[in-house]
file my_file.csv (CSV, C-alpha atoms and all ligand atoms)
chain,number,residue,atom,x,y,z
A,646,MET,CA,58.6,94.5,150.0
A,647,ALA,CA,57.4,94.2,146.4
A,648,GLN,CA,54.4,96.5,145.7
A,649,PRO,CA,52.1,95.1,142.9
A,650,ALA,CA,50.0,97.7,141.1
A,651,THR,CA,46.9,98.8,143.0
A,652,GLN,CA,43.9,98.3,140.7
A,653,ARG,CA,41.3,100.9,140.2
A,654,GLU,CA,37.8,100.4,139.0
A,655,ILE,CA,37.8,100.4,135.2
A,656,LEU,CA,34.8,100.4,132.9
A,657,CYS,CA,35.0,97.8,130.1
A,658,ASN,CA,33.0,96.6,127.1
A,659,LEU,CA,30.1,99.1,127.4
A,660,PHE,CA,29.8,98.9,123.6
A,661,LYS,CA,30.1,95.5,121.8
A,662,SER,CA,29.8,94.4,118.2
A,663,THR,CA,26.0,93.9,118.8
A,664,ASN,CA,25.5,97.4,120.3
A,665,PRO,CA,28.4,99.5,118.9
A,666,LEU,CA,28.9,103.3,119.4
A,667,ARG,CA,28.5,105.4,116.3
A,668,THR,CA,31.4,107.8,116.2
A,669,ASP,CA,32.4,110.8,114.0
A,670,VAL,CA,35.9,111.5,112.9
A,671,LEU,CA,36.7,114.9,114.4
A,672,GLU,CA,40.3,115.2,113.3
A,673,THR,CA,42.9,113.2,111.3
A,674,ARG,CA,46.5,114.1,110.6
A,675,ARG,CA,49.6,112.3,109.4
A,676,LEU,CA,52.3,112.0,112.1
A,677,THR,CA,55.2,110.9,109.9
A,678,SER,CA,57.0,112.6,107.0
A,679,PRO,CA,55.0,112.4,103.7
A,680,ARG,CA,58.3,111.5,102.1
A,681,ARG,CA,58.1,108.1,103.7
A,682,PRO,CA,56.3,105.2,101.9
A,683,PRO,CA,52.8,104.1,102.8
A,684,ASN,CA,53.9,101.5,105.3
A,685,ASN,CA,55.3,104.4,107.4
A,686,ASP,CA,52.1,106.4,107.1
A,687,ALA,CA,50.8,106.7,110.7
A,688,ARG,CA,47.8,108.9,111.5
A,689,HIS,CA,46.5,110.5,114.7
A,690,ILE,CA,42.7,110.2,114.6
A,691,VAL,CA,40.3,111.9,117.1
A,692,LEU,CA,36.9,110.4,117.4
A,693,SER,CA,33.7,111.5,119.2
A,694,SER,CA,32.8,109.4,122.2
A,695,PRO,CA,30.1,111.4,124.1
A,696,GLY,CA,29.8,110.7,127.8
A,697,LEU,CA,32.4,107.9,127.9
A,698,SER,CA,36.0,107.9,129.0
A,699,TYR,CA,38.4,105.6,127.2
A,700,LEU,CA,41.5,105.4,129.4
A,701,PRO,CA,45.0,105.4,128.1
A,702,GLY,CA,46.1,101.8,128.0
A,703,GLN,CA,42.7,100.6,126.9
A,704,SER,CA,41.8,100.0,123.3
A,705,ILE,CA,38.9,100.8,121.0
A,706,GLY,CA,37.4,98.1,118.8
A,707,VAL,CA,36.8,99.3,115.2
A,708,LEU,CA,34.2,97.6,113.0
A,709,PRO,CA,35.2,98.3,109.4
A,710,GLU,CA,32.5,98.2,106.7
A,711,GLY,CA,32.2,95.4,104.2
A,712,PHE,CA,32.7,91.7,104.2
A,713,ASP,CA,35.6,89.4,104.8
A,714,ALA,CA,36.5,87.8,101.4
A,715,ARG,CA,37.5,84.5,103.0
A,716,SER,CA,34.4,83.9,105.3
A,717,GLY,CA,31.8,86.0,103.5
A,718,LYS,CA,30.9,87.3,106.9
A,719,PRO,CA,30.9,91.0,108.0
A,720,GLN,CA,34.5,92.3,108.7
A,721,GLN,CA,35.7,91.5,112.2
A,722,LEU,CA,36.6,94.0,114.8
A,723,ARG,CA,40.2,95.2,115.0
A,724,LEU,CA,41.7,96.8,118.2
A,725,TYR,CA,43.5,100.2,118.3
A,726,SER,CA,45.2,101.6,121.5
A,727,VAL,CA,43.9,104.8,123.0
A,728,SER,CA,46.5,107.5,122.6
A,729,SER,CA,44.6,110.3,124.4
A,730,ALA,CA,44.5,111.1,128.1
A,731,THR,CA,41.4,110.2,130.2
A,732,LYS,CA,39.7,113.5,129.3
A,733,GLY,CA,40.5,113.2,125.6
A,734,ASP,CA,42.4,115.6,123.4
A,735,TYR,CA,39.9,118.4,123.8
A,736,GLY,CA,39.7,118.1,127.6
A,737,ASP,CA,35.9,117.6,127.7
A,738,SER,CA,35.7,113.8,128.0
A,739,LYS,CA,33.8,113.7,124.7
A,740,THR,CA,36.6,112.4,122.4
A,741,VAL,CA,39.0,109.4,122.2
A,742,SER,CA,42.1,109.4,120.0
A,743,THR,CA,44.2,106.7,118.5
A,744,VAL,CA,47.2,106.3,116.2
A,745,VAL,CA,47.0,103.9,113.2
A,746,VAL,CA,49.7,102.8,110.8
A,747,ARG,CA,48.9,101.5,107.4
A,748,HIS,CA,49.4,97.7,107.3
A,749,PHE,CA,50.4,95.8,104.1
A,750,TRP,CA,51.1,92.1,103.8
A,751,ASP,CA,52.2,89.6,101.2
A,752,ASN,CA,50.2,86.5,100.3
A,753,GLU,CA,52.7,83.7,99.9
A,754,GLU,CA,50.1,81.3,98.4
A,755,THR,CA,49.2,83.6,95.5
A,756,GLY,CA,52.4,85.6,95.3
A,757,GLU,CA,50.5,88.8,95.6
A,758,THR,CA,52.5,91.5,97.5
A,759,SER,CA,51.7,94.7,99.4
A,760,ILE,CA,48.1,93.9,100.0
A,761,PRO,CA,46.5,96.7,102.0
A,762,GLY,CA,45.2,95.6,105.5
A,763,VAL,CA,41.5,96.2,105.7
A,764,CYS,CA,41.0,98.2,108.8
A,765,SER,CA,44.2,100.2,109.1
A,766,ASN,CA,43.8,101.5,105.6
A,767,TYR,CA,40.1,102.2,106.2
A,768,LEU,CA,41.1,104.3,109.2
A,769,CYS,CA,44.0,106.1,107.5
A,770,ASP,CA,41.8,107.0,104.6
A,771,CYS,CA,39.0,108.4,106.7
A,772,GLU,CA,38.2,112.1,106.6
A,773,VAL,CA,36.7,114.5,109.1
A,774,GLY,CA,33.0,114.0,109.3
A,775,ASP,CA,33.1,110.3,108.3
A,776,ARG,CA,31.1,108.0,110.6
A,777,PHE,CA,31.7,104.5,111.7
A,778,GLN,CA,31.2,102.1,114.6
A,779,ILE,CA,33.4,101.4,117.5
A,780,THR,CA,33.3,99.1,120.6
A,781,GLY,CA,34.9,99.1,124.0
A,782,PRO,CA,36.6,100.3,126.0
A,783,VAL,CA,38.6,97.1,125.8
A,784,GLY,CA,41.1,96.0,128.5
A,785,LYS,CA,41.8,96.7,132.1
A,786,ARG,CA,45.3,95.5,132.7
A,787,PHE,CA,47.6,97.8,130.8
A,788,VAL,CA,46.6,101.0,132.6
A,789,LEU,CA,48.1,103.2,135.2
A,790,PRO,CA,47.5,101.8,138.7
A,791,ALA,CA,45.6,103.9,141.2
A,792,ASP,CA,48.8,104.6,143.2
A,793,PHE,CA,51.1,105.6,140.3
A,794,HIS,CA,52.1,108.9,141.8
A,795,GLN,CA,55.4,108.0,143.5
A,796,ARG,CA,56.3,104.9,141.5
A,797,ASP,CA,59.1,104.9,139.0
A,798,LEU,CA,57.8,103.8,135.6
A,799,ILE,CA,59.7,102.4,132.6
A,800,PHE,CA,57.7,102.8,129.4
A,801,VAL,CA,59.1,100.8,126.4
A,802,ALA,CA,57.5,101.3,123.0
A,803,THR,CA,58.0,100.3,119.4
A,804,GLY,CA,56.0,101.9,116.6
A,805,THR,CA,52.3,102.6,117.3
A,806,GLY,CA,53.0,101.0,120.7
A,807,ILE,CA,53.7,104.5,121.8
A,808,ALA,CA,49.9,105.2,121.9
A,809,PRO,CA,49.2,104.4,125.6
A,810,TYR,CA,52.1,106.4,126.9
A,811,ARG,CA,51.0,109.7,125.3
A,812,GLY,CA,47.8,109.7,127.3
A,813,MET,CA,49.4,108.2,130.4
A,814,LEU,CA,52.1,110.9,130.6
A,815,GLU,CA,49.5,113.7,130.1
A,816,ASP,CA,47.4,112.2,133.0
A,817,MET,CA,50.4,111.7,135.2
A,818,PHE,CA,51.8,115.2,134.8
A,819,ALA,CA,48.3,116.7,135.3
A,820,GLN,CA,48.0,114.8,138.6
A,821,GLY,CA,51.3,115.8,140.2
A,822,TYR,CA,53.4,112.7,139.3
A,823,GLU,CA,56.5,112.6,141.6
A,824,GLY,CA,58.3,109.4,140.5
A,825,LYS,CA,60.8,109.0,137.7
A,826,VAL,CA,59.5,108.0,134.3
A,827,PHE,CA,61.6,106.7,131.4
A,828,LEU,CA,60.1,106.7,127.9
A,829,ILE,CA,62.2,104.4,125.6
A,830,PHE,CA,60.8,104.5,122.0
A,831,GLY,CA,62.0,102.6,119.0
A,832,VAL,CA,61.1,103.6,115.4
A,833,GLN,CA,62.8,103.3,112.0
A,834,TYR,CA,63.6,106.9,111.2
A,835,ALA,CA,63.9,110.3,112.8
A,836,ASP,CA,61.0,111.6,110.8
A,837,THR,CA,58.7,108.6,111.8
A,838,ILE,CA,58.9,109.3,115.5
A,839,LEU,CA,55.3,109.6,116.6
A,840,TYR,CA,54.3,112.5,118.8
A,841,ASP,CA,58.0,113.6,119.1
A,842,ASP,CA,57.2,117.3,119.6
A,843,GLU,CA,54.9,116.4,122.5
A,844,PHE,CA,57.5,114.3,124.3
A,845,GLN,CA,60.1,116.9,123.7
A,846,SER,CA,57.9,119.5,125.4
A,847,TYR,CA,58.2,117.5,128.7
A,848,GLN,CA,62.0,117.5,128.5
A,849,ASP,CA,62.5,120.2,131.1
A,850,ARG,CA,60.8,118.0,133.7
A,851,PRO,CA,63.6,116.5,135.9
A,852,ASN,CA,61.6,113.3,136.4
A,853,PHE,CA,61.1,112.6,132.7
A,854,ARG,CA,63.7,110.8,130.6
A,855,TYR,CA,63.0,110.4,126.8
A,856,ILE,CA,65.2,108.1,124.9
A,857,THR,CA,64.7,107.1,121.2
A,858,ALA,CA,66.2,104.2,119.3
A,859,LEU,CA,66.2,104.7,115.5
A,860,SER,CA,66.9,101.4,113.8
A,861,ARG,CA,67.4,102.7,110.2
A,862,GLU,CA,69.4,105.9,110.6
A,863,GLY,CA,72.8,104.3,110.5
A,864,GLU,CA,73.5,104.2,114.2
A,865,ARG,CA,75.0,100.8,115.0
A,866,ASN,CA,74.4,98.8,118.2
A,867,PRO,CA,77.6,99.4,120.1
A,868,PHE,CA,77.0,96.3,122.3
A,869,PRO,CA,76.4,93.4,119.9
A,870,ASP,CA,77.9,90.8,122.3
A,871,ASP,CA,75.9,91.9,125.3
A,872,VAL,CA,72.6,92.7,123.5
A,873,PRO,CA,72.6,91.1,120.1
A,874,THR,CA,70.3,92.6,117.5
A,875,PRO,CA,69.8,91.7,113.8
A,876,ARG,CA,72.4,93.4,111.6
A,877,GLU,CA,73.5,95.3,114.8
A,878,LYS,CA,70.4,97.5,114.6
A,879,MET,CA,69.7,100.1,117.2
A,880,TYR,CA,66.7,98.7,119.1
A,881,VAL,CA,65.1,99.7,122.4
A,882,GLN,CA,66.8,96.9,124.4
A,883,VAL,CA,70.2,98.3,123.3
A,884,ARG,CA,69.3,101.7,124.7
A,885,ILE,CA,68.1,100.2,128.0
A,886,TRP,CA,71.6,98.5,128.3
A,887,GLN,CA,73.4,101.7,127.2
A,888,HIS,CA,71.5,103.7,129.9
A,889,ARG,CA,71.7,101.0,132.6
A,890,GLU,CA,73.4,103.3,135.1
A,891,GLU,CA,70.3,105.5,135.0
A,892,ILE,CA,67.6,102.9,134.6
A,893,GLY,CA,69.2,100.3,137.0
A,894,PRO,CA,68.4,102.2,140.2
A,895,SER,CA,64.7,102.4,139.2
A,896,LEU,CA,64.6,98.7,138.3
A,897,GLU,CA,66.0,98.0,141.8
A,898,LYS,CA,63.1,99.7,143.5
A,899,PRO,CA,60.3,97.3,144.8
A,900,ASP,CA,57.4,99.3,143.4
A,901,THR,CA,58.7,100.1,139.9
A,902,LEU,CA,56.5,99.1,136.9
A,903,VAL,CA,57.8,98.2,133.4
A,904,TYR,CA,55.3,98.6,130.5
A,905,GLN,CA,56.0,97.3,127.0
A,906,CYS,CA,53.8,98.1,124.1
A,907,GLY,CA,54.2,97.4,120.4
A,908,LEU,CA,55.8,94.7,118.3
A,909,LYS,CA,55.4,91.1,119.6
A,910,GLY,CA,59.1,90.5,118.9
A,911,MET,CA,60.3,93.1,121.3
A,912,GLU,CA,59.4,91.4,124.6
A,913,LYS,CA,62.1,88.7,124.4
A,914,GLY,CA,64.9,91.3,123.9
A,915,VAL,CA,63.6,93.5,126.6
A,916,PHE,CA,63.3,90.7,129.2
A,917,GLN,CA,66.8,89.6,128.4
A,918,VAL,CA,68.3,93.0,128.9
A,919,ILE,CA,66.4,93.5,132.2
A,920,ASP,CA,67.8,90.2,133.3
A,921,LYS,CA,71.3,91.3,132.2
A,922,ILE,CA,71.0,94.4,134.3
A,923,GLY,CA,69.6,92.3,137.1
A,924,THR,CA,72.6,90.0,136.9
A,925,GLU,CA,74.8,93.1,137.6
A,926,MET,CA,72.7,93.7,140.7
A,927,ALA,CA,72.9,90.0,141.8
A,928,GLU,CA,69.4,89.3,140.6
A,929,PRO,CA,69.6,87.3,137.3
A,930,ASP,CA,65.9,86.5,137.2
A,931,LEU,CA,64.7,90.1,137.7
A,932,SER,CA,62.2,90.0,134.9
A,933,LEU,CA,60.7,86.8,136.2
A,934,ARG,CA,60.3,88.2,139.6
A,935,MET,CA,58.8,91.4,138.3
A,936,LYS,CA,56.3,89.3,136.2
A,937,ALA,CA,55.4,87.2,139.2
A,938,GLU,CA,54.8,90.4,141.2
A,939,GLY,CA,52.5,91.9,138.5
A,940,ARG,CA,55.0,94.7,137.8
A,941,MET,CA,55.7,93.8,134.2
A,942,LEU,CA,52.9,94.9,131.9
A,943,LEU,CA,52.6,93.8,128.3
A,944,GLU,CA,50.5,94.9,125.3
A,945,VAL,CA,52.1,93.4,122.2
A,946,TYR,CA,50.5,92.7,118.8
A,1001,LIG,P1,44.2,92.8,108.0
A,1001,LIG,O1,43.5,93.0,106.7
A,1001,LIG,O2,43.4,92.3,109.2
A,1001,LIG,O3,45.4,91.9,107.8
A,1001,LIG,C1,46.2,91.5,108.9
A,1001,LIG,C2,46.9,90.1,108.6
A,1001,LIG,O4,45.9,89.1,108.4
A,1001,LIG,C3,47.7,90.2,107.4
A,1001,LIG,O5,49.1,90.6,107.7
A,1001,LIG,C4,47.7,88.7,106.9
A,1001,LIG,O6,48.6,88.0,107.7
A,1001,LIG,C5,46.3,88.2,107.4
A,1001,LIG,N1,45.3,88.2,106.3
A,1001,LIG,C6,44.4,89.2,106.0
A,1001,LIG,N2,43.6,88.8,104.9
A,1001,LIG,C7,44.1,87.6,104.6
A,1001,LIG,C8,43.7,86.7,103.5
A,1001,LIG,N3,42.7,87.0,102.6
A,1001,LIG,N4,44.4,85.5,103.4
A,1001,LIG,C9,45.4,85.2,104.3
A,1001,LIG,N5,45.8,86.0,105.3
A,1001,LIG,C10,45.1,87.2,105.4
A,1001,LIG,N6,47.5,98.9,115.2
A,1001,LIG,C11,47.8,100.2,115.1
A,1001,LIG,O7,48.0,100.7,114.0
A,1001,LIG,N7,47.7,101.1,116.1
A,1001,LIG,C12,47.3,100.7,117.4
A,1001,LIG,O8,47.3,101.5,118.3
A,1001,LIG,C13,47.1,99.3,117.6
A,1001,LIG,N8,46.8,98.8,118.8
A,1001,LIG,C14,46.5,97.5,118.9
A,1001,LIG,C15,46.2,97.0,120.2
A,1001,LIG,C16,45.9,95.7,120.4
A,1001,LIG,C17,45.6,95.2,121.8
A,1001,LIG,C18,46.0,94.8,119.3
A,1001,LIG,C19,45.7,93.3,119.5
A,1001,LIG,C20,46.3,95.2,118.0
A,1001,LIG,C21,46.6,96.6,117.8
A,1001,LIG,N9,46.9,97.1,116.6
A,1001,LIG,C22,47.2,98.4,116.4
A,1001,LIG,C23,46.9,96.2,115.4
A,1001,LIG,C24,45.5,96.3,114.7
A,1001,LIG,O9,44.5,95.7,115.5
A,1001,LIG,C25,45.4,95.6,113.4
A,1001,LIG,O10,45.8,94.2,113.6
A,1001,LIG,C26,46.3,96.2,112.3
A,1001,LIG,O11,45.9,97.5,112.0
A,1001,LIG,C27,46.1,95.4,111.0
A,1001,LIG,O12,44.7,95.3,110.6
A,1001,LIG,P2,44.2,95.4,109.1
A,1001,LIG,O13,42.7,95.3,109.1
A,1001,LIG,O14,44.8,96.7,108.5
A,1001,LIG,O15,44.9,94.2,108.4
A,1002,LIG,P1,63.3,97.5,112.1
A,1002,LIG,O1,62.0,97.7,111.4
A,1002,LIG,O2,64.4,98.4,111.5
A,1002,LIG,O3,63.8,96.1,112.2
A,1002,LIG,P2,57.6,99.0,113.3
A,1002,LIG,O4,57.9,100.3,112.5
A,1002,LIG,O5,57.6,97.8,112.5
A,1002,LIG,O6,56.4,99.2,114.1
A,1002,LIG,O7,58.8,98.8,114.3
A,1002,LIG,C1,59.1,99.8,115.2
A,1002,LIG,C2,60.6,99.7,115.6
A,1002,LIG,O8,60.9,98.5,116.3
A,1002,LIG,C3,61.5,99.7,114.3
A,1002,LIG,O9,62.6,100.5,114.6
A,1002,LIG,C4,61.9,98.2,114.2
A,1002,LIG,O10,63.2,98.0,113.6
A,1002,LIG,C5,62.0,97.9,115.7
A,1002,LIG,N1,62.0,96.4,116.0
A,1002,LIG,C6,61.8,95.4,115.1
A,1002,LIG,N2,61.9,94.2,115.7
A,1002,LIG,C7,62.3,94.5,117.0
A,1002,LIG,C8,62.6,93.6,118.1
A,1002,LIG,N3,62.6,92.3,118.1
A,1002,LIG,N4,62.9,94.3,119.3
A,1002,LIG,C9,63.0,95.6,119.4
A,1002,LIG,N5,62.7,96.4,118.3
A,1002,LIG,C10,62.3,95.9,117.2

call {"tool": "encode", "arguments": {"input": "my_file.csv", "output": "structure tokens", "more": "lines below"}}
Ligand code: FAD
Ligand code: A2P
result
Amino acid sequence: MAQPATQREILCNLFKSTNPLRTDVLETRRLTSPRRPPNNDARHIVLSSPGLSYLPGQSIGVLPEGFDARSGKPQQLRLYSVSSATKGDYGDSKTVSTVVVRHFWDNEETGETSIPGVCSNYLCDCEVGDRFQITGPVGKRFVLPADFHQRDLIFVATGTGIAPYRGMLEDMFAQGYEGKVFLIFGVQYADTILYDDEFQSYQDRPNFRYITALSREGERNPFPDDVPTPREKMYVQVRIWQHREEIGPSLEKPDTLVYQCGLKGMEKGVFQVIDKIGTEMAEPDLSLRMKAEGRMLLEVY
């Protein structure tokens, strides 16, 4: 019998754009090598959030200062995933953390290139003691269910999509998690893996499996016919196929949950590889069934 995730009561939207929470920057540090260019500059930022828990899997809304050049209106809110555990990085339920990568874009109409994204650069440039306004907590779907303790969990992330899993893993291990959890994490380079030391520190746990997919370190996709990727790049879906003997038994269980967070483009490849593994288990529409049963959770942007 399929077991959809059991919901717990989750607080949402206590602070909105009309009544935001004033927050202080308590800590900010670069997570990636300073040798990498600005578009690989990702920062871990700890903010004050007195008396309010933001759960891993939820997001904070950030209201950057200034006005939007196009509309002339105040800058709109941007969302950033919570990367801390329920009690926050300092364990006192008075902080919330996130991870932000600098965004740059090209304007095809004007030909201008590498235009800094407003909010990501605002956050990456902030310093300890800076104050700004946040909203939230946002979202109640992409969180751990109340009954996570014995379920197998497959966490798939690209880039800053790793954020929710950092906090979830800390919560899970603090609460006696007994299932098996896979963390499959795709980034470009070995020195742009976010929170790598923290995930490495869980490696001696027999129920934690940490697998990285580095797309620009020269390792080729060894299965281009089964799991095609552009220029045979090493992507998370390739790793899932490569480790199907380990991951397959968890996918077969009726209560396993699959989480995907990060690049919008990843979901198609991940669904396809799950269906491919399903086909080997005589269940070619496995991802569809898991979706219908509420066991496939997505947060892509
Ligand atoms: P913006 O300035 O908003 O630019 C974004 C895009 O808008 C540009 O690429 C361009 O296409 C367009 N644009 C902007 N200005 C113009 C213009 N003048 N003319 C034409 N087009 C224009 N990001 C993280 O780093 N970490 C996270 O944990 C994270 N979590 C997220 C969670 C959710 C649920 C969602 C929805 C998003 C998340 N994001 C996260 C992405 C984040 O919300 C922002 O979208 C991202 O940081 C870019 O914002 P920005 O203000 O820097 O860029
Ligand atoms: P690449 O950028 O080499 O194509 P980002 O740094 O943009 O957040 O991306 C995180 C990782 O996800 C990078 O290794 C990136 O590879 C990879 N990636 C890009 N597109 C996809 C996709 N469609 N499916 C899976 N991984 C992807």

call {"tool": "residues_around", "arguments": {"input": "my_file.csv", "residues": "Phe712 (chain A)", "least_positions_apart": "5", "cutoff": "12 Å", "atoms": "all atoms listed in the file", "output": "compact mmCIF listing (two decimals) with C-alpha atoms, keeping the file's coordinate frame"}}
result
# COMPACT_ATOMS: atom_id res chain seq x y z
CA GLY A 717 31.80 86.00 103.50
CA LYS A 718 30.90 87.30 106.90
CA PRO A 719 30.90 91.00 108.00
CA GLN A 720 34.50 92.30 108.70
CA GLN A 721 35.70 91.50 112.20
CA LEU A 722 36.60 94.00 114.80
CA VAL A 763 41.50 96.20 105.70
CA CYS A 764 41.00 98.20 108.80

call {"tool": "residues_near_ligand", "arguments": {"input": "my_file.csv", "ligand": "ligand LIG 1002 (chain A)", "cutoff": "6 Å", "atoms": "all atoms listed in the file", "output": "MDAnalysis selection string"}}
result
chainID A and resid 803:804 831:833 859:861 880:881 910:911 914

call {"tool": "atom_distance", "arguments": {"input": "my_file.csv", "atom1": "CA of Ala819 (chain A)", "atom2": "CA of Gly702 (chain A)"}}
result
16.7 Å

call {"tool": "closest_atom_pairs", "arguments": {"input": "my_file.csv", "of": "chain A", "to": "ligand LIG 1001 (chain A)", "cutoff": "6 Å", "atoms": "all atoms listed in the file", "output": "JSON lines"}}
result
{"residue": "A:Arg715", "atom": "CA", "partner": "A:LIG1001", "partner_atom": "N3", "distance": 5.8}
{"residue": "A:Arg723", "atom": "CA", "partner": "A:LIG1001", "partner_atom": "O9", "distance": 4.4}
{"residue": "A:Leu724", "atom": "CA", "partner": "A:LIG1001", "partner_atom": "O9", "distance": 4.0}
{"residue": "A:Tyr725", "atom": "CA", "partner": "A:LIG1001", "partner_atom": "N8", "distance": 3.6}
{"residue": "A:Ser726", "atom": "CA", "partner": "A:LIG1001", "partner_atom": "O8", "distance": 3.8}
{"residue": "A:Val744", "atom": "CA", "partner": "A:LIG1001", "partner_atom": "N7", "distance": 5.2}
{"residue": "A:Val745", "atom": "CA", "partner": "A:LIG1001", "partner_atom": "O7", "distance": 3.4}
{"residue": "A:Val746", "atom": "CA", "partner": "A:LIG1001", "partner_atom": "O7", "distance": 4.2}
{"residue": "A:His748", "atom": "CA", "partner": "A:LIG1001", "partner_atom": "O14", "distance": 4.9}
{"residue": "A:Trp750", "atom": "CA", "partner": "A:LIG1001", "partner_atom": "O5", "distance": 4.6}
{"residue": "A:Gly762", "atom": "CA", "partner": "A:LIG1001", "partner_atom": "O14", "distance": 3.2}
{"residue": "A:Val763", "atom": "CA", "partner": "A:LIG1001", "partner_atom": "O13", "distance": 3.7}
{"residue": "A:Cys764", "atom": "CA", "partner": "A:LIG1001", "partner_atom": "O13", "distance": 3.4}
{"residue": "A:Ser765", "atom": "CA", "partner": "A:LIG1001", "partner_atom": "O14", "distance": 3.6}
{"residue": "A:Asn766", "atom": "CA", "partner": "A:LIG1001", "partner_atom": "O14", "distance": 5.7}
{"residue": "A:Thr805", "atom": "CA", "partner": "A:LIG1001", "partner_atom": "N7", "distance": 5.0}
{"residue": "A:Ala808", "atom": "CA", "partner": "A:LIG1001", "partner_atom": "O8", "distance": 5.8}
{"residue": "A:Tyr946", "atom": "CA", "partner": "A:LIG1001", "partner_atom": "C19", "distance": 4.9}

call {"tool": "residues_around", "arguments": {"input": "my_file.csv", "residues": "Arg653 (chain A)", "least_positions_apart": "6", "cutoff": "9 Å", "atoms": "all atoms listed in the file", "output": "list in words"}}
result
Leu789, Pro790, Ala791 and Asp792 of chain A

call {"tool": "residues_around", "arguments": {"input": "my_file.csv", "residues": "Ser678 (chain A)", "least_positions_apart": "4", "cutoff": "10 Å", "atoms": "only C-alpha atoms", "output": "PyMOL selection string"}}
result
chain A and resi 682+685-687+834-838

call {"tool": "closest_residue", "arguments": {"input": "my_file.csv", "among": "A:Met935, A:Ala730, A:Val707, A:Leu700", "to": "Thr901 (chain A)", "atoms": "all atoms listed in the file"}}
result
A:Met935
